[in-house]
Amino acid sequence: MGYDITASSTRQPSNLLSTLAGEYYTSESVFADEQSQIFENMWFCAARSADMAKPGQFRKVQVGRESVLVVRGRDDILRAFLNVCRHRGAQLCTEPEGQVRRNLRCPYHAWTYALDGKLVAAPNIATLTDENGVGIARYQYGLVPVALSEWLGYAWVCLADEPPSFFDDVVGDVTRRLGDPSAIDRYGIDGLQVGRRVVYDVAANWKLIVENFMECYHCATIHPELVEVLPEFSSGLAAQYFVGHGAEFGSDIAGFTVNGAAGFDNLPGIAAEQDRRYYAITVRPTVFINLVPDHIIFHRMYPMAADRTVVECDWLYAPDVVASGRDVSHSVELFHRVNLQDFEACERTQPAMASRAYRKGGVLVPAEHHIAEFHSWVVSRLGVQRGERL
Ligand code: FES
Ligand SMILES: [Fe+2]
């Protein structure tokens with residue numbers, strides 16, 4: 001007498017899903033494909049528009065393999081250009097940000113571009129002719145423009161020849177998470193001001209940072225302060241698990257601060273159901289938006305290498321909070337700790353991606369199953385060939 005412990009009729013299907021293979025997080029060739037198929041093909045959040053408040057102010061950002069200049073024109077319009085001189089290719093700007101007076105002047109041979117990208121001067125320009133002996137048209141040698149859209153107070157750029165719909169991709173990601181296209185508008189994010197900015201240089205692949213942000217299975221283990229403020233996070237289910245759901249503050253918590261003390265007045269437009277709630281949104285490929293009643297925490301990633309990602313994080317407040325010089329440190333400190341805890345976890349994970357133990361990847365438990373959708377999205381962006389090769 002006996003019984004068959006392998007009888008398929010009694011076996012439950014596994015509720016573990018596979019992750020991507022380790023190579024996805026280490027391979028230079030995967031990263032190169034991500035640069036061309038993802039960062040250079042989608043809308044990429046480049047900079048806070050108010051960082052370039054005055055004509056001539058610029059920021060230089062890395063978008064995929066390209067260096068991009070975002071610069072405010074004399075007509076107050078924000079534009080983006082490839083940071084490449086049309087003469088012999090010198091980088092126009094090497095500083096990460098700055099202010100020019102009237103023009104962008106190449107430091108090599110002094111070709112000079114207006115803030116709208118037109119070539120306006122070059123040594124002996126009047127003597128330069130094209131192959132027909134005709135004087136060169138200056139517009140032909142202007143800076144190469146990059147598509148730019150402003151939303152939520154940020155400049156988003158797209159290097160694709162034909163950019164995808166901003167509304168479907170960027171706004172769509174937010175709407176799919178919040179369930180209501182007007183929910184984000186109520187926070188008035190474009191009118192807020194940066195109260196604090198912290199830049200983190202993280203020794204981890206950008207996808208590890210996205211995956212970490214999407215799940216809360218780790219919250220009880222590594223985020224004691226956050227779980228104190230949002231007790232439902234101790235269950236391991238991320239707010240992102242349910243469309244339209246925001247995690248509720250604990251009953252004894254007055255504000256989204258490191259010690260649960262009161263923060264600032266609620267942002268004026270938010271709805272009653274947004275009070276005392278935290279919403280986390282992932283906007284693919286590189287943005288996280290965190291909404292709480294009195295401020296916004298806005299992350300932008302700049303993937304620099306397969307194993308290195310720079311994350312710029314802004315804490316945005318109502319203008320009067322910033323203007324009055326009120327102390328934002330208690331509210332900044334909460335998510336700054338969360339960031340440090342998360343990025344340390346990602347850095348702890350990155351070296352193991354190259355281990356033979358992770359050659360076929362790991363597993364996702366049910367509370368992380370929504371990450372599988374992110375994985376298939378990445379694989380589909382990279383194309384079937386890549387999926388077959390790994
Ligand atoms: S490379 Fe810029 S002026 Fe020559
Ligand atoms: Fe986390």
# chains A, B, ... in the order shown; residues from 1 in each chain; ligands from 1
call {"tool": "residues_around", "arguments": {"residues": "Trp111 in chain A", "least_positions_apart": "5", "cutoff": "6 Å", "atoms": "only C-alpha atoms", "output": "number ranges by chain"}}
result
A: 105-106, 121-122
call {"tool": "write_last_selection", "arguments": {"atoms": "all heavy atoms", "output": "tab-separated table (two decimals), in the first residue's frame"}}
result
chain	number	residue	atom	x	y	z
A	105	ARG	N	28.42	78.95	-27.31
A	105	ARG	CA	29.60	79.11	-28.15
A	105	ARG	C	30.49	77.89	-27.97
A	105	ARG	O	30.88	77.54	-26.84
A	105	ARG	CB	30.33	80.38	-27.73
A	105	ARG	CG	31.54	80.73	-28.54
A	105	ARG	CD	32.01	82.12	-28.07
A	105	ARG	NE	33.15	82.60	-28.81
A	105	ARG	CZ	34.41	82.43	-28.40
A	105	ARG	NH1	34.67	81.80	-27.27
A	105	ARG	NH2	35.40	82.92	-29.13
A	106	CYS	N	30.82	77.25	-29.08
A	106	CYS	CA	31.68	76.07	-28.97
A	106	CYS	C	33.09	76.49	-28.57
A	106	CYS	O	33.68	77.38	-29.19
A	106	CYS	CB	31.72	75.31	-30.30
A	106	CYS	SG	32.79	73.85	-30.22
A	121	ALA	N	27.12	82.53	-35.79
A	121	ALA	CA	28.44	83.09	-36.08
A	121	ALA	C	29.47	81.98	-36.09
A	121	ALA	O	29.32	80.96	-35.43
A	121	ALA	CB	28.82	84.14	-35.04
A	122	ALA	N	30.51	82.21	-36.91
A	122	ALA	CA	31.67	81.31	-36.92
A	122	ALA	C	32.80	82.13	-37.53
A	122	ALA	O	32.54	83.00	-38.37
A	122	ALA	CB	31.40	80.07	-37.76
call {"tool": "residues_near_ligand", "arguments": {"ligand": "ligand 2", "cutoff": "8 Å", "atoms": "only C-alpha atoms and all ligand atoms", "output": "PyMOL selection string"}}
result
chain A and resi 212-213+215-216+218-219+222-223+338-339+341-342
call {"tool": "residues_near_ligand", "arguments": {"ligand": "ligand 1", "cutoff": "9 Å", "atoms": "only C-alpha atoms and all ligand atoms", "output": "count of residues only"}}
result
19
call {"tool": "atom_distance", "arguments": {"atom1": "CA of Ala254 in chain A", "atom2": "CA of Phe335 in chain A"}}
result
16.0 Å
call {"tool": "residues_around", "arguments": {"residues": "Arg197 in chain A", "least_positions_apart": "6", "cutoff": "7 Å", "atoms": "only C-alpha atoms", "output": "list in words"}}
result
Cys313, Asp314 and Trp315 of chain A
call {"tool": "atom_distance", "arguments": {"atom1": "CA of Tyr278 in chain A", "atom2": "CA of Thr19 in chain A"}}
result
27.4 Å
call {"tool": "residues_around", "arguments": {"residues": "Cys45 in chain A", "least_positions_apart": "2", "cutoff": "10 Å", "atoms": "only C-alpha atoms", "output": "number ranges by chain"}}
result
A: 39, 42-43, 47-48, 61, 63, 148-151, 154-158, 170, 283-287, 299-302
call {"tool": "write_last_selection", "arguments": {"atoms": "N, CA and C atoms", "output": "PDB file, in the first residue's frame"}}
result
ATOM      1  N   PHE A  39      15.547  53.997 -23.673  1.00  0.00           N
ATOM      2  CA  PHE A  39      15.809  55.394 -23.269  1.00  0.00           C
ATOM      3  C   PHE A  39      15.833  56.360 -24.450  1.00  0.00           C
ATOM      4  N   MET A  42      11.783  56.420 -26.015  1.00  0.00           N
ATOM      5  CA  MET A  42      10.594  56.782 -25.239  1.00  0.00           C
ATOM      6  C   MET A  42      10.747  58.215 -24.739  1.00  0.00           C
ATOM      7  N   TRP A  43       9.695  58.743 -24.139  1.00  0.00           N
ATOM      8  CA  TRP A  43       9.808  60.044 -23.469  1.00  0.00           C
ATOM      9  C   TRP A  43      10.596  59.855 -22.186  1.00  0.00           C
ATOM     10  N   ALA A  47      14.680  67.048 -16.841  1.00  0.00           N
ATOM     11  CA  ALA A  47      15.058  68.080 -15.863  1.00  0.00           C
ATOM     12  C   ALA A  47      13.814  68.825 -15.397  1.00  0.00           C
ATOM     13  N   ARG A  48      13.888  69.428 -14.220  1.00  0.00           N
ATOM     14  CA  ARG A  48      12.808  70.292 -13.732  1.00  0.00           C
ATOM     15  C   ARG A  48      12.853  71.595 -14.544  1.00  0.00           C
ATOM     16  N   VAL A  61      22.029  66.652 -19.793  1.00  0.00           N
ATOM     17  CA  VAL A  61      21.610  65.361 -19.232  1.00  0.00           C
ATOM     18  C   VAL A  61      21.967  64.228 -20.186  1.00  0.00           C
ATOM     19  N   VAL A  63      20.906  60.968 -21.963  1.00  0.00           N
ATOM     20  CA  VAL A  63      19.695  60.243 -22.372  1.00  0.00           C
ATOM     21  C   VAL A  63      20.159  59.094 -23.264  1.00  0.00           C
ATOM     22  N   LEU A 148      10.690  67.915 -27.164  1.00  0.00           N
ATOM     23  CA  LEU A 148      10.562  68.239 -25.742  1.00  0.00           C
ATOM     24  C   LEU A 148       9.092  68.522 -25.417  1.00  0.00           C
ATOM     25  N   SER A 149       8.628  67.951 -24.311  1.00  0.00           N
ATOM     26  CA  SER A 149       7.282  68.258 -23.800  1.00  0.00           C
ATOM     27  C   SER A 149       7.414  68.597 -22.338  1.00  0.00           C
ATOM     28  N   GLU A 150       6.611  69.540 -21.881  1.00  0.00           N
ATOM     29  CA  GLU A 150       6.630  69.852 -20.445  1.00  0.00           C
ATOM     30  C   GLU A 150       5.359  69.319 -19.805  1.00  0.00           C
ATOM     31  N   TRP A 151       5.541  68.643 -18.664  1.00  0.00           N
ATOM     32  CA  TRP A 151       4.386  68.128 -17.913  1.00  0.00           C
ATOM     33  C   TRP A 151       4.795  67.969 -16.452  1.00  0.00           C
ATOM     34  N   TYR A 154       8.163  69.361 -15.387  1.00  0.00           N
ATOM     35  CA  TYR A 154       9.417  68.752 -15.849  1.00  0.00           C
ATOM     36  C   TYR A 154       9.496  68.796 -17.372  1.00  0.00           C
ATOM     37  N   ALA A 155      10.723  68.841 -17.879  1.00  0.00           N
ATOM     38  CA  ALA A 155      10.980  68.764 -19.313  1.00  0.00           C
ATOM     39  C   ALA A 155      11.273  67.307 -19.651  1.00  0.00           C
ATOM     40  N   TRP A 156      10.437  66.729 -20.505  1.00  0.00           N
ATOM     41  CA  TRP A 156      10.602  65.344 -20.955  1.00  0.00           C
ATOM     42  C   TRP A 156      11.076  65.412 -22.396  1.00  0.00           C
ATOM     43  N   VAL A 157      12.100  64.665 -22.734  1.00  0.00           N
ATOM     44  CA  VAL A 157      12.624  64.727 -24.090  1.00  0.00           C
ATOM     45  C   VAL A 157      12.512  63.360 -24.754  1.00  0.00           C
ATOM     46  N   CYS A 158      12.514  63.372 -26.077  1.00  0.00           N
ATOM     47  CA  CYS A 158      12.449  62.101 -26.803  1.00  0.00           C
ATOM     48  C   CYS A 158      13.351  62.179 -28.020  1.00  0.00           C
ATOM     49  N   VAL A 170       3.212  58.485 -21.288  1.00  0.00           N
ATOM     50  CA  VAL A 170       3.567  59.076 -19.988  1.00  0.00           C
ATOM     51  C   VAL A 170       2.311  59.307 -19.143  1.00  0.00           C
ATOM     52  N   VAL A 283       6.391  55.582 -13.738  1.00  0.00           N
ATOM     53  CA  VAL A 283       6.205  56.017 -15.123  1.00  0.00           C
ATOM     54  C   VAL A 283       7.408  55.482 -15.902  1.00  0.00           C
ATOM     55  N   ARG A 284       7.140  54.488 -16.737  1.00  0.00           N
ATOM     56  CA  ARG A 284       8.258  53.876 -17.453  1.00  0.00           C
ATOM     57  C   ARG A 284       8.853  54.839 -18.468  1.00  0.00           C
ATOM     58  N   PRO A 285      10.183  54.837 -18.641  1.00  0.00           N
ATOM     59  CA  PRO A 285      11.077  53.870 -18.011  1.00  0.00           C
ATOM     60  C   PRO A 285      11.755  54.355 -16.717  1.00  0.00           C
ATOM     61  N   THR A 286      11.783  55.623 -16.412  1.00  0.00           N
ATOM     62  CA  THR A 286      12.758  56.080 -15.404  1.00  0.00           C
ATOM     63  C   THR A 286      12.213  56.997 -14.307  1.00  0.00           C
ATOM     64  N   VAL A 287      10.887  57.076 -14.151  1.00  0.00           N
ATOM     65  CA  VAL A 287      10.348  58.055 -13.189  1.00  0.00           C
ATOM     66  C   VAL A 287       9.477  57.372 -12.138  1.00  0.00           C
ATOM     67  N   HIS A 299      11.182  61.105  -8.343  1.00  0.00           N
ATOM     68  CA  HIS A 299      12.475  60.480  -8.673  1.00  0.00           C
ATOM     69  C   HIS A 299      12.658  60.421 -10.184  1.00  0.00           C
ATOM     70  N   ARG A 300      13.868  60.751 -10.622  1.00  0.00           N
ATOM     71  CA  ARG A 300      14.235  60.513 -12.022  1.00  0.00           C
ATOM     72  C   ARG A 300      15.528  59.722 -12.054  1.00  0.00           C
ATOM     73  N   MET A 301      15.551  58.687 -12.859  1.00  0.00           N
ATOM     74  CA  MET A 301      16.779  57.886 -12.982  1.00  0.00           C
ATOM     75  C   MET A 301      17.502  58.261 -14.267  1.00  0.00           C
ATOM     76  N   TYR A 302      18.831  58.222 -14.186  1.00  0.00           N
ATOM     77  CA  TYR A 302      19.692  58.368 -15.361  1.00  0.00           C
ATOM     78  C   TYR A 302      20.574  57.119 -15.416  1.00  0.00           C
TER      79      TYR A 302
END
call {"tool": "select_by_dssp", "arguments": {"residues": "range 24-230 of chain A", "states": "helix (DSSP H, G or I)", "output": "count of residues only"}}
result
63
